Amino acid sequence: MSQLHIQVAHKRYGARTVLEGVNLRVERGEIVSLIGASGCGKSTLLRIVSGLDRDYQGVVQLDGRKLDGVTREIGFIFQEPRLLPWLHVADNIAFDIAHTGYNLTRVQELLEEVDLAGYEQALPKQLSGGQAQRVAIARGLYSRPKVLLLDEPFSAVDAFTRIRLQNLLARIARDHGITVLLVTHDVDEAVFLSDRVLVIGGTPGTVLSDLEIVLPHPREHESADLLQQRGIVFEALHTAHVL
Ligand SMILES: Nc1ncnc2c1ncn2[C@@H]1O[C@H](COP(=O)(O)OP(=O)(O)OP(=O)(O)O)[C@@H](O)[C@H]1O
Ligand SMILES: [Mg+2]
């Protein structure tokens with residue numbers, strides 16, 4: 001049984017259908033990227049999987065159970081860190097489930113994992129963009145989700161930070177066996193991180209191609225194998241008229 005089974009018969013905004021006929025299975029521990037033109041429905045699909053958007057025809061199943069709204073089993077990381085400016089880093093990380101008890105050891109473990117040990121008491125305004133996004137990653141992991149959804153998580157940081165964050169995500173996903181669904185506009189990022197790259201497109205939007213990236217992890221940025229896979233993804237984007 002796949003860990004995630006996403007079926008969206010229709011998603012409409014008013015009279016307009018933005019997604020149609022999506023039937024997507026994701027296996028436990030898989031990293032799957034969604035790429036496609038602006039406005040094709042990638043964020044909409046991610047919001048449906050997260051349980052934030054329940055106004056659609058279809059069903060999302062996690063480990064065979066129908067999802068019914070937001071759950072701690074699914075973490076969401078956005079394009080910008082969305083930290084609460086008046087809370088320290090530690091409180092931001094533990095914020096979502098503060099009512100179940102604050103686990104400082106867990107916060108410290110996560111800060112170490114994202115290379116921010118000792119930043120518990122820092123305020124968001126004292127962090128760089130890359131550091132803030134690492135806090136957001138730690139927050140996304142705090143509740144030990146089975147699935148992590150990321151919507152263009154690294155697009156607001158510089159190129160070097162971006163590569164470091166990609167390496168971090170690859171390591172975390174592998175170490176924790178987390179299933180990852182990632183929206184990105186960056187083909188190199190998709191190919192570097194993913195086991196599968198899905199091209200979303202069409203009107204209404206749907207999965208137009210599903211490309212397996214059969215390369216072992218950890219991977220090297222700019223390796224010849226990755227460049228070859230990159231070519232295959234660009235070809236699929238041309239075929240799908242995304243480019
Ligand atoms: N709340 C909304 N109300 C009405 N239309 C919406 C709403 N949110 C999104 N849309 C429309 O749905 C379509 C899909 O939007 P979505 O945000 O999923 O695209 P996307 O693929 O994530 O684009 P981008 O790459 O620019 O982030 C777009 O045409 C958008 O205008
Ligand atoms: Mg989007």
# chains A, B, ... in the order shown; residues from 1 in each chain; ligands from 1
>>> select_by_dssp(residues="range 9-230 of chain A", states="helix (DSSP H, G or I)", output="ChimeraX atom specification")
/A:42-50,89-100,104-113,124-126,129-142,159-176,187-193,224-230
>>> residues_around(residues="Pro153 in chain A", least_positions_apart="3", cutoff="7 Å", atoms="only C-alpha atoms", output="PyMOL selection string")
chain A and resi 77-80+150
>>> residues_around(residues="Val49 in chain A", least_positions_apart="6", cutoff="12 Å", atoms="only C-alpha atoms", output="compact mmCIF listing (two decimals) with C-alpha atoms, in the first residue's frame")
# COMPACT_ATOMS: atom_id res chain seq x y z
CA LEU A 4 -0.05 8.63 0.24
CA HIS A 5 -2.79 8.19 -2.33
CA ILE A 6 -4.00 11.47 -3.75
CA GLN A 7 -7.07 11.47 -5.95
CA VAL A 8 -8.50 14.76 -7.11
CA VAL A 22 -5.10 13.68 -10.51
CA LEU A 24 -1.01 10.02 -7.54
CA ARG A 25 0.60 7.45 -5.28
CA VAL A 26 3.66 8.22 -3.19
CA LYS A 42 0.88 22.97 -7.75
CA SER A 43 0.21 24.93 -4.55
CA ASP A 55 -13.26 22.10 -0.97
CA TYR A 56 -12.60 19.62 -3.78
CA GLY A 58 -11.73 13.48 -4.39
CA VAL A 59 -9.92 11.80 -1.54
CA VAL A 60 -6.47 11.85 0.04
CA GLN A 61 -5.40 8.76 1.94
CA LEU A 62 -2.50 8.45 4.34
CA LYS A 66 -8.93 9.02 4.51
CA LEU A 67 -7.56 12.37 5.59
CA ASP A 68 -10.09 14.72 7.05
CA GLY A 69 -8.47 18.12 7.58
CA VAL A 70 -5.11 19.15 8.97
CA THR A 71 -3.09 16.53 10.85
CA GLU A 73 1.24 13.54 10.54
CA ILE A 74 1.73 16.00 7.68
CA GLY A 75 4.09 18.97 8.04
CA PHE A 76 4.03 22.03 5.77
CA VAL A 147 5.01 13.42 5.31
CA LEU A 148 6.59 16.81 4.69
CA LEU A 149 5.09 19.17 2.13
CA LEU A 150 7.27 22.03 0.89
CA ASP A 151 6.08 24.82 -1.42
CA VAL A 180 8.50 14.47 0.85
CA LEU A 181 6.32 16.30 -1.65
CA LEU A 182 8.15 19.36 -2.93
>>> closest_residue(among="A:Leu193, A:Ala240, A:Leu87, A:Ile178", to="Ala37 in chain A", atoms="only C-alpha atoms")
A:Ala240
>>> closest_residue(among="A:Ile93, A:Leu243, A:Ile200, A:Ile172", to="ligand 2", atoms="only C-alpha atoms and all ligand atoms")
A:Ile200
>>> residues_near_ligand(ligand="ligand 1", cutoff="6 Å", atoms="only C-alpha atoms and all ligand atoms", output="number ranges by chain")
A: 13, 18, 37-44
>>> residues_around(residues="Asp115 in chain A", least_positions_apart="6", cutoff="12 Å", atoms="only C-alpha atoms", output="list in words")
Gln108, Glu109, Gly130, Gln131, Ala132, Gln133, Arg134, Val135, Ile137, Ala138, Arg164, Leu165, Leu168 and Ile172 of chain A
>>> atom_distance(atom1="CA of Tyr142 in chain A", atom2="CA of Ser128 in chain A")
21.0 Å
>>> residues_around(residues="Ala224 in chain A", least_positions_apart="5", cutoff="12 Å", atoms="only C-alpha atoms", output="MDAnalysis selection string")
chainID A and resid 192 215 219 229:231
>>> write_last_selection(atoms="N, CA and C atoms", output="PDB file, in the first residue's frame")
ATOM      1  N   PHE A 192      18.107  16.918  -8.239  1.00  0.00           N
ATOM      2  CA  PHE A 192      19.056  16.614  -7.168  1.00  0.00           C
ATOM      3  C   PHE A 192      18.383  15.874  -6.011  1.00  0.00           C
ATOM      4  N   LEU A 215      18.940   7.413  -9.332  1.00  0.00           N
ATOM      5  CA  LEU A 215      20.342   7.637  -8.965  1.00  0.00           C
ATOM      6  C   LEU A 215      20.445   7.489  -7.455  1.00  0.00           C
ATOM      7  N   ARG A 219      23.688  12.450  -3.461  1.00  0.00           N
ATOM      8  CA  ARG A 219      24.075  12.811  -4.824  1.00  0.00           C
ATOM      9  C   ARG A 219      25.006  14.009  -4.820  1.00  0.00           C
ATOM     10  N   GLN A 229      19.866  13.517 -16.317  1.00  0.00           N
ATOM     11  CA  GLN A 229      18.468  13.482 -15.861  1.00  0.00           C
ATOM     12  C   GLN A 229      17.790  14.834 -16.079  1.00  0.00           C
ATOM     13  N   ARG A 230      18.565  15.881 -15.862  1.00  0.00           N
ATOM     14  CA  ARG A 230      18.068  17.239 -16.064  1.00  0.00           C
ATOM     15  C   ARG A 230      17.578  17.404 -17.513  1.00  0.00           C
ATOM     16  N   GLY A 231      18.368  16.869 -18.447  1.00  0.00           N
ATOM     17  CA  GLY A 231      17.997  16.928 -19.869  1.00  0.00           C
ATOM     18  C   GLY A 231      16.662  16.232 -20.110  1.00  0.00           C
TER      19      GLY A 231
END
>>> atom_distance(atom1="CA of Ile163 in chain A", atom2="CA of His176 in chain A")
20.0 Å
>>> atom_distance(atom1="CA of Ala236 in chain A", atom2="CA of Ala173 in chain A")
26.1 Å
>>> closest_residue(among="A:Val191, A:Leu116, A:Val183, A:Leu141", to="ligand 2", atoms="only C-alpha atoms and all ligand atoms")
A:Val183
>>> closest_residue(among="A:Ala9, A:Ile35, A:Val197, A:Ala170", to="ligand 2", atoms="only C-alpha atoms and all ligand atoms")
A:Ile35
